[in-house]
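So this one's query_33.txt, compact mmCIF, C-alpha atoms:
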```txt
# COMPACT_ATOMS: atom_id res chain seq x y z
CA MET A 1 1.53 48.88 4.24
CA PRO A 2 3.83 45.86 3.73
CA PRO A 3 7.58 46.00 4.44
CA ALA A 4 9.75 48.32 2.35
CA GLN A 5 9.55 47.33 -1.29
CA PRO A 6 11.49 49.22 -3.97
CA SER A 7 9.21 50.69 -6.60
CA PRO A 8 9.43 49.82 -10.32
CA ILE A 9 10.86 53.24 -11.16
CA LEU A 10 13.63 52.79 -8.61
CA ARG A 11 14.37 49.33 -9.99
CA ARG A 12 14.60 50.83 -13.49
CA ARG A 13 17.13 53.40 -12.36
CA ARG A 14 19.18 50.78 -10.57
CA LEU A 15 19.10 48.47 -13.59
CA GLY A 16 20.05 51.30 -15.92
CA THR A 17 23.01 52.28 -13.77
CA GLU A 18 24.28 48.69 -13.66
CA LEU A 19 23.87 48.18 -17.41
CA ARG A 20 25.76 51.39 -18.16
CA LYS A 21 28.62 50.31 -15.88
CA LEU A 22 28.76 46.93 -17.63
CA ARG A 23 28.88 48.56 -21.07
CA GLU A 24 31.66 50.92 -19.98
CA SER A 25 33.61 48.03 -18.44
CA ALA A 26 33.29 46.18 -21.76
CA LYS A 27 34.63 49.34 -23.50
CA LEU A 28 31.71 49.44 -25.90
CA THR A 29 29.97 52.51 -27.27
CA GLY A 30 26.20 52.73 -27.49
CA ASP A 31 26.34 52.35 -31.27
CA GLN A 32 28.46 49.22 -30.96
CA VAL A 33 25.97 47.67 -28.53
CA ILE A 34 23.01 48.50 -30.77
CA GLU A 35 24.73 46.88 -33.75
CA ALA A 36 25.78 43.80 -31.77
CA VAL A 37 22.32 43.01 -30.39
CA GLY A 38 20.50 44.06 -33.57
CA TRP A 39 18.18 46.70 -32.14
CA ALA A 40 16.51 48.99 -34.63
CA SER A 41 16.48 52.13 -32.44
CA ALA A 42 19.57 53.80 -31.03
CA SER A 43 17.44 55.53 -28.38
CA LYS A 44 16.34 52.18 -26.94
CA LEU A 45 19.63 51.66 -25.10
CA SER A 46 19.68 55.25 -23.89
CA ARG A 47 16.17 54.98 -22.40
CA LEU A 48 17.10 51.68 -20.75
CA GLU A 49 20.33 52.99 -19.23
CA ASN A 50 18.60 56.13 -17.97
CA GLY A 51 15.70 54.21 -16.42
CA ARG A 52 13.11 55.91 -18.62
CA SER A 53 11.42 52.83 -20.04
CA ARG A 54 10.03 49.56 -18.74
CA PRO A 55 12.69 46.93 -19.47
CA ASP A 56 11.94 43.83 -21.47
CA LEU A 57 13.57 40.75 -19.94
CA ARG A 58 14.65 39.42 -23.34
CA ASP A 59 16.42 42.71 -24.14
CA VAL A 60 18.22 42.71 -20.81
CA LEU A 61 19.32 39.10 -21.27
CA ASP A 62 20.72 40.01 -24.71
CA LEU A 63 22.81 42.74 -23.07
CA LEU A 64 23.98 40.44 -20.29
CA ASP A 65 25.05 37.88 -22.91
CA LEU A 66 26.95 40.59 -24.78
CA TYR A 67 28.69 41.76 -21.60
CA GLN A 68 29.36 38.13 -20.59
CA VAL A 69 27.61 38.47 -17.25
CA THR A 70 27.04 35.19 -15.42
CA GLY A 71 26.45 33.82 -11.93
CA ALA A 72 25.07 35.82 -9.02
CA LEU A 73 25.22 39.19 -10.80
CA ARG A 74 23.18 37.86 -13.72
CA ASP A 75 20.59 36.44 -11.31
CA GLU A 76 20.42 39.75 -9.42
CA LEU A 77 19.93 41.86 -12.56
CA THR A 78 17.32 39.44 -13.87
CA ALA A 79 15.36 39.79 -10.61
CA ILE A 80 15.66 43.58 -10.76
CA THR A 81 14.35 43.51 -14.33
CA ASN A 82 11.27 41.60 -13.26
CA GLU A 83 10.65 44.02 -10.37
CA ALA A 84 11.10 46.99 -12.72
CA GLY A 85 8.20 45.83 -14.87
CA ASP A 86 5.80 44.89 -12.08
CA ILE A 87 3.78 48.13 -11.85
CA ARG A 88 0.54 46.36 -10.93
CA GLY A 89 2.16 44.28 -8.23
CA TRP A 90 3.70 47.36 -6.62
CA LEU A 91 0.47 49.36 -6.79
CA ARG A 92 -1.29 46.64 -4.77
CA SER A 93 0.57 48.12 -1.79
CA TYR A 94 -1.78 51.12 -2.01
CA ALA A 95 -5.55 51.18 -1.76
CA THR A 96 -5.65 54.26 -4.01
CA MET A 97 -2.97 55.82 -6.19
CA THR A 98 -3.16 58.39 -8.97
CA PRO A 99 -0.52 59.28 -11.58
CA ARG A 100 -0.02 62.63 -9.86
CA GLN A 101 0.82 60.98 -6.54
CA ARG A 102 2.67 58.00 -7.99
CA GLY A 103 5.96 59.79 -8.64
CA TYR A 104 6.48 60.59 -4.98
CA ALA A 105 5.07 57.28 -3.78
CA GLU A 106 7.59 55.50 -6.00
CA LEU A 107 10.45 57.46 -4.45
CA GLU A 108 9.19 56.85 -0.92
CA ALA A 109 8.93 53.09 -1.43
CA GLY A 110 11.98 51.32 -0.09
CA CYS A 111 13.34 54.51 1.53
CA ALA A 112 15.63 54.33 4.53
CA GLU A 113 15.70 58.11 5.05
CA ILE A 114 13.75 61.14 3.83
CA ARG A 115 14.77 64.77 4.41
CA GLU A 116 12.47 67.60 3.37
CA TYR A 117 12.54 71.40 3.41
CA SER A 118 9.16 73.03 2.97
CA PRO A 119 8.95 76.84 2.75
CA VAL A 120 5.25 77.36 2.02
CA ILE A 121 3.30 74.08 2.35
CA VAL A 122 3.23 71.37 5.00
CA PRO A 123 4.97 68.29 3.49
CA GLY A 124 2.56 65.77 1.98
CA LEU A 125 3.43 62.96 4.39
CA LEU A 126 2.41 65.17 7.33
CA GLN A 127 -0.82 66.71 6.06
CA THR A 128 -4.25 66.19 7.61
CA LYS A 129 -7.11 65.17 5.35
CA ALA A 130 -8.70 68.63 5.65
CA TYR A 131 -5.40 70.30 4.76
CA VAL A 132 -4.90 67.97 1.78
CA ASN A 133 -8.41 68.73 0.55
CA LEU A 134 -7.78 72.47 0.88
CA ARG A 135 -4.50 72.33 -1.04
CA ILE A 136 -5.97 70.27 -3.88
CA LEU A 137 -9.16 72.31 -4.22
CA SER A 138 -7.26 75.62 -4.11
CA SER A 139 -5.10 74.44 -7.04
CA ARG A 140 -8.00 73.20 -9.16
CA GLN A 141 -8.51 76.59 -10.81
CA LEU A 142 -5.10 76.07 -12.46
CA VAL A 143 -5.96 72.62 -13.81
CA ASP A 144 -7.21 72.65 -17.39
CA ASP A 145 -7.44 68.91 -17.95
CA PRO A 146 -10.79 67.18 -18.52
CA ASP A 147 -9.18 63.84 -17.62
CA ALA A 148 -7.80 65.03 -14.26
CA GLU A 149 -8.61 62.87 -11.25
CA ASP A 150 -11.44 64.10 -9.07
CA ALA A 151 -10.41 65.85 -5.87
CA GLU A 152 -11.72 63.09 -3.61
CA THR A 153 -9.54 60.49 -5.34
CA GLU A 154 -6.51 62.78 -5.16
CA VAL A 155 -7.06 63.25 -1.42
CA ALA A 156 -7.37 59.48 -0.87
CA ALA A 157 -4.18 58.86 -2.84
CA ARG A 158 -2.15 61.34 -0.82
CA MET A 159 -3.47 59.97 2.45
CA ALA A 160 -2.54 56.44 1.31
CA ARG A 161 1.13 57.46 1.17
CA GLN A 162 1.19 58.53 4.81
CA SER A 163 1.24 55.01 6.26
CA LEU A 164 4.90 55.04 5.24
CA LEU A 165 5.88 56.78 8.50
CA THR A 166 4.38 54.01 10.64
CA ARG A 167 5.28 51.14 8.32
CA GLU A 168 6.28 47.87 9.96
CA PRO A 169 8.95 46.81 10.15
CA GLU A 170 11.58 49.56 9.90
CA PRO A 171 9.81 52.76 8.88
CA PRO A 172 12.16 55.29 7.26
CA ARG A 173 13.87 58.00 9.24
CA TYR A 174 12.06 61.20 8.39
CA SER A 175 13.30 64.76 9.00
CA ALA A 176 11.58 67.97 7.93
CA VAL A 177 12.35 71.66 8.29
CA ILE A 178 9.13 73.66 7.88
CA GLU A 179 9.09 77.42 7.54
CA GLU A 180 6.93 79.25 10.07
CA ALA A 181 5.16 80.91 7.11
CA ALA A 182 3.86 77.51 5.99
CA LEU A 183 1.84 77.37 9.20
CA GLY A 184 0.59 80.96 9.07
CA GLY A 185 -2.86 82.35 8.41
CA ARG A 186 -2.53 82.39 4.61
CA ALA A 187 -2.38 78.59 4.59
CA GLY A 188 -6.05 78.09 5.48
CA PRO A 189 -8.92 78.66 7.90
CA ARG A 190 -8.12 78.68 11.60
CA GLU A 191 -9.77 75.33 12.36
CA VAL A 192 -7.87 73.60 9.55
CA LEU A 193 -4.55 75.03 10.71
CA ARG A 194 -5.18 74.13 14.34
CA ALA A 195 -5.89 70.51 13.40
CA GLN A 196 -2.76 70.51 11.25
CA LEU A 197 -0.66 71.82 14.14
CA ILE A 198 -2.03 69.10 16.41
CA GLN A 199 -1.19 66.50 13.75
CA LEU A 200 2.38 67.79 13.47
CA ARG A 201 2.73 67.74 17.27
CA LYS A 202 1.57 64.10 17.30
CA LEU A 203 3.88 63.02 14.48
CA ALA A 204 6.83 64.77 16.09
CA GLY A 205 6.54 62.25 18.91
CA LEU A 206 7.24 59.27 16.65
CA PRO A 207 10.73 57.82 17.23
CA ASN A 208 11.62 57.95 13.53
CA VAL A 209 10.31 61.49 12.89
CA THR A 210 12.20 64.74 13.50
CA LEU A 211 10.36 68.01 12.85
CA GLN A 212 11.84 71.51 13.09
CA VAL A 213 10.12 74.85 12.56
CA LEU A 214 12.21 77.62 11.01
CA PRO A 215 11.18 81.03 12.44
CA THR A 216 10.60 83.75 9.86
CA GLU A 217 13.24 86.10 11.26
CA GLN A 218 15.96 83.47 11.79
CA THR A 219 18.98 83.86 9.48
CA ILE A 220 20.48 80.87 7.68
CA ALA A 221 24.26 80.36 7.27
CA ALA A 222 25.37 83.99 6.90
CA TRP A 223 22.16 85.19 5.24
CA TYR A 224 21.75 82.34 2.78
CA LEU A 225 18.28 82.12 1.22
CA PRO A 226 17.07 78.74 -0.15
CA HIS A 227 15.81 78.94 -3.72
CA THR A 228 13.03 76.38 -3.35
CA GLY A 229 11.66 73.53 -1.29
CA PHE A 230 13.17 70.10 -1.88
CA SER A 231 13.22 66.48 -0.74
CA LEU A 232 16.17 64.10 -0.41
CA TYR A 233 15.73 60.32 -0.50
CA ARG A 234 18.20 57.66 0.60
CA PHE A 235 17.26 54.04 -0.01
CA ALA A 236 17.61 50.83 1.94
CA GLU A 237 19.90 49.29 -0.67
CA PRO A 238 23.20 51.22 -0.89
CA GLN A 239 23.44 50.56 -4.64
CA ASP A 240 20.22 52.48 -5.29
CA PRO A 241 21.15 56.10 -6.10
CA GLU A 242 20.15 58.85 -3.68
CA THR A 243 17.57 61.13 -5.26
CA LEU A 244 16.75 64.84 -5.04
CA ALA A 245 13.18 65.86 -5.83
CA ILE A 246 12.02 69.42 -6.46
CA GLU A 247 8.29 69.92 -6.91
CA GLY A 248 7.20 72.50 -9.48
CA LEU A 249 3.83 73.94 -10.36
CA ALA A 250 3.49 71.85 -13.52
CA THR A 251 6.42 69.41 -13.46
CA ASN A 252 8.71 67.77 -10.90
CA LEU A 253 12.50 67.55 -11.15
CA MET A 254 14.26 64.34 -10.10
CA VAL A 255 18.07 64.35 -9.84
CA THR A 256 20.55 61.59 -8.89
CA GLU A 257 23.80 63.45 -9.64
CA PRO A 258 26.04 63.04 -6.54
CA ARG A 259 27.32 66.63 -6.65
CA GLU A 260 23.77 68.01 -6.66
CA ILE A 261 22.81 65.69 -3.81
CA ALA A 262 25.81 66.87 -1.78
CA THR A 263 24.94 70.53 -2.35
CA TYR A 264 21.35 70.15 -1.19
CA SER A 265 22.44 68.00 1.74
CA ARG A 266 24.66 70.86 2.87
CA VAL A 267 21.78 73.31 2.55
CA PHE A 268 19.60 71.00 4.64
CA ASP A 269 22.28 70.96 7.35
CA TRP A 270 22.22 74.78 7.36
CA LEU A 271 18.44 74.80 7.64
CA GLN A 272 18.47 72.38 10.57
CA ALA A 273 21.09 74.45 12.37
CA ALA A 274 19.01 77.63 11.95
CA ALA A 275 15.65 76.10 12.90
CA LEU A 276 14.22 75.52 16.34
CA THR A 277 15.45 72.30 17.91
CA PRO A 278 13.05 69.33 17.82
CA GLU A 279 12.22 69.94 21.51
CA GLU A 280 11.58 73.65 20.92
CA THR A 281 9.47 72.78 17.89
CA ILE A 282 7.19 70.57 19.98
CA ILE A 283 6.63 73.49 22.37
CA TRP A 284 6.07 75.85 19.42
CA LEU A 285 3.46 73.55 17.87
CA THR A 286 1.77 72.96 21.21
CA GLU A 287 1.46 76.69 21.95
CA ARG A 288 0.16 77.55 18.47
CA ALA A 289 -2.45 74.80 18.70
CA GLY A 290 -3.61 76.23 22.02
CA GLN A 291 -2.63 73.14 23.97
CA ARG A 292 -0.83 72.89 27.29
CA SER A 293 2.82 72.03 26.86
CA SER A 294 4.26 69.18 28.92
CA ALA A 295 7.45 68.70 26.91
CA PRO A 296 10.74 69.50 28.70
CA ARG A 297 12.64 72.34 27.13
CA LYS A 298 16.36 72.13 26.50
CA PRO A 299 18.17 75.52 26.32
CA THR A 300 20.37 75.91 23.25
CA SER A 301 23.53 77.92 22.61
CA ARG A 302 21.54 80.00 20.15
CA ASP A 303 18.88 80.83 22.74
CA PRO A 304 20.14 79.96 26.24
CA GLY A 305 17.40 79.70 28.77
CA MET A 306 14.89 81.96 27.00
CA PRO A 307 11.36 81.20 28.22
CA PRO A 308 9.09 79.65 25.56
CA SER A 309 6.71 82.61 25.73
CA GLN A 310 9.52 85.03 24.85
CA ARG A 311 10.73 82.86 21.99
CA SER A 312 7.15 82.71 20.77
CA ARG A 313 6.96 86.49 20.61
CA ARG A 314 10.29 86.62 18.77
CA ALA A 315 9.32 83.92 16.30
CA GLY A 316 5.90 85.44 15.63
CA ARG A 317 2.41 84.18 16.27
CA LEU A 318 -0.02 82.21 14.16
CA THR A 319 -2.48 84.64 12.66
CA GLU A 320 -5.83 84.42 14.43
CA GLN A 321 -8.84 84.72 12.21
```

Turn the structure described in the file into structure tokens.
Amino acid sequence: MPPAQPSPILRRRRLGTELRKLRESAKLTGDQVIEAVGWASASKLSRLENGRSRPDLRDVLDLLDLYQVTGALRDELTAITNEAGDIRGWLRSYATMTPRQRGYAELEAGCAEIREYSPVIVPGLLQTKAYVNLRILSSRQLVDDPDAEDAETEVAARMARQSLLTREPEPPRYSAVIEEAALGGRAGPREVLRAQLIQLRKLAGLPNVTLQVLPTEQTIAAWYLPHTGFSLYRFAEPQDPETLAIEGLATNLMVTEPREIATYSRVFDWLQAAALTPEETIIWLTERAGQRSSAPRKPTSRDPGMPPSQRSRRAGRLTEQ
């Protein structure tokens, strides 16, 4: 994968945010802008400012003229407009990509940091091919769409995203808290789970990756229970808004509201504090995969000096089938 390149959808959001700020600075209402530039649809400006439509360069230049934007800022917004419309150019970064996978791939592009909490499924960027295939095939009975991508293409698209973690230069910092239940016997056949555990153990050794397993019986911040899994994205360019993503069965929710981001960031801090440390997680993964552990163990204040075997019994064992 080439160096970090912001996706068109991220460029649209950035452009929309900047255009809204310019309109507010000019003390113009949406109706006043529509009348001044002669657009027929009042919703056109709304879609543009909310990043929901591909921007037309001529429309953006009309707005910049109205807001009297010149110099470096005009050049920057013009470049962002061109990037926001270049879907084909961005997709050349991926050998295979489907509409279903594109939403997350677009968020991941240009990321400086990703934080994920996964209560029931191994996060997509960490999945083995066999695990991906199992997840997609097990969901097919819910898909009633004759135009849906075939499973093999879906698998290839998800695997294409995973090069992000080893991207050169400057791969994003990636942190994940994974519930112990997501690695239990209900998730798949024993051989698939063992390979997935080995994959997680390998990825946990990357300098930019931090993995933590959350034991089933471990309490979180005075008995707090997370409502759902979620992902938080921070981008390389500070002006690009941080994004919260919540994956649903049929639709995904994407949020950029700072207060929502702050709330979920706090929850993620709670989850990390409750989970096994990264060092303990490596031992946990190694033991569950049936491998010999060579990683040094660092006692924690939550569990001072407890032997790994005892912690394993407390945390619970992977179901053997």

Item to check | Between CA of Thr153 in chain A and CA of Val192 in chain A - distance in Å to one decimal | outcome: 19.9 Å

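Of the residues listed (A:Leu10, A:Leu134, A:Leu225, A:Leu200), A:Leu10 shows the shortest atom-to-atom separation from Glu83 in chain A; distances use all atoms listed in the file.
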
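Of the listed residues (A:Pro238, A:Gly71, A:Pro215, A:Gly30), A:Pro215 comes nearest to Gly184 in chain A; the distances count all atoms listed in the file.
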
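From CA of Glu152 in chain A back to CA of Ala109 in chain A, the distance works out to 23.0 Å.
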
Using all atoms listed in the file, which protein or nucleic acid residues come within 10 Å of Asn133 in chain A? Drop anything in the same chain fewer than 2 positions from it, and give the result as a PDB file with C-alpha atoms, keeping the file's coordinate frame.
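Written file, selection_7.pdb:
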```pdb
ATOM      1  CA  GLN A 127      -0.820  66.710   6.060  1.00  0.00           C
ATOM      2  CA  THR A 128      -4.250  66.190   7.610  1.00  0.00           C
ATOM      3  CA  LYS A 129      -7.110  65.170   5.350  1.00  0.00           C
ATOM      4  CA  ALA A 130      -8.700  68.630   5.650  1.00  0.00           C
ATOM      5  CA  TYR A 131      -5.400  70.300   4.760  1.00  0.00           C
ATOM      6  CA  ARG A 135      -4.500  72.330  -1.040  1.00  0.00           C
ATOM      7  CA  ILE A 136      -5.970  70.270  -3.880  1.00  0.00           C
ATOM      8  CA  LEU A 137      -9.160  72.310  -4.220  1.00  0.00           C
ATOM      9  CA  SER A 138      -7.260  75.620  -4.110  1.00  0.00           C
ATOM     10  CA  ALA A 151     -10.410  65.850  -5.870  1.00  0.00           C
ATOM     11  CA  GLU A 152     -11.720  63.090  -3.610  1.00  0.00           C
ATOM     12  CA  GLU A 154      -6.510  62.780  -5.160  1.00  0.00           C
ATOM     13  CA  VAL A 155      -7.060  63.250  -1.420  1.00  0.00           C
ATOM     14  CA  ALA A 156      -7.370  59.480  -0.870  1.00  0.00           C
ATOM     15  CA  ARG A 158      -2.150  61.340  -0.820  1.00  0.00           C
TER      16      ARG A 158
END
```

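Going from CA of Arg13 in chain A over to CA of Tyr174 in chain A, you cover 22.7 Å.
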
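Between Ala274 in chain A and the residues A:Tyr224, A:Ile261, A:Gly229, A:Ala157, the shortest atom-to-atom distance, using only C-alpha atoms, involves A:Tyr224.
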
Next on the checklist: Excluding range 52-55 of chain A and its own-chain neighbours fewer than 6 positions away, which residues fall within 7 Å of it when counting all atoms listed in the file? Please give them as a list in words.
Outcome noted: Thr81, Ala84 and Gly85 of chain A

Store the residues of this selection in a file with C-alpha atoms, as an mmCIF file, in the coordinates of the input.
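Writing the result to selection.cif gives the following:
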```cif
data_model
loop_
_atom_site.group_PDB
_atom_site.id
_atom_site.type_symbol
_atom_site.label_atom_id
_atom_site.label_comp_id
_atom_site.auth_asym_id
_atom_site.auth_seq_id
_atom_site.Cartn_x
_atom_site.Cartn_y
_atom_site.Cartn_z
ATOM 1 C CA THR A 81 14.350 43.510 -14.330
ATOM 2 C CA ALA A 84 11.100 46.990 -12.720
ATOM 3 C CA GLY A 85 8.200 45.830 -14.870
#
```

Item to check | Residues within 9 Å of Leu22 in chain A, only C-alpha atoms, excluding chain neighbours under 4 positions, as a list in words | outcome: Thr17, Glu18, Ala26, Lys27, Leu64, Tyr67 and Val69 of chain A

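In terms of minimum interatomic distance to Ser175 in chain A, A:Val209 ranks closest within A:Leu193, A:Ala112, A:Leu142, A:Val209, counting all atoms listed in the file.
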
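The residue that comes closest to Leu232 in chain A, out of A:Asp65, A:Glu106, A:Glu180, A:Glu113 and on the basis of only C-alpha atoms, is A:Glu113.
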
Item to check | Which of A:Leu107, A:Ala72, A:Ala182, A:Ala289 sits closest to Thr256 in chain A [using only C-alpha atoms] | outcome: A:Leu107
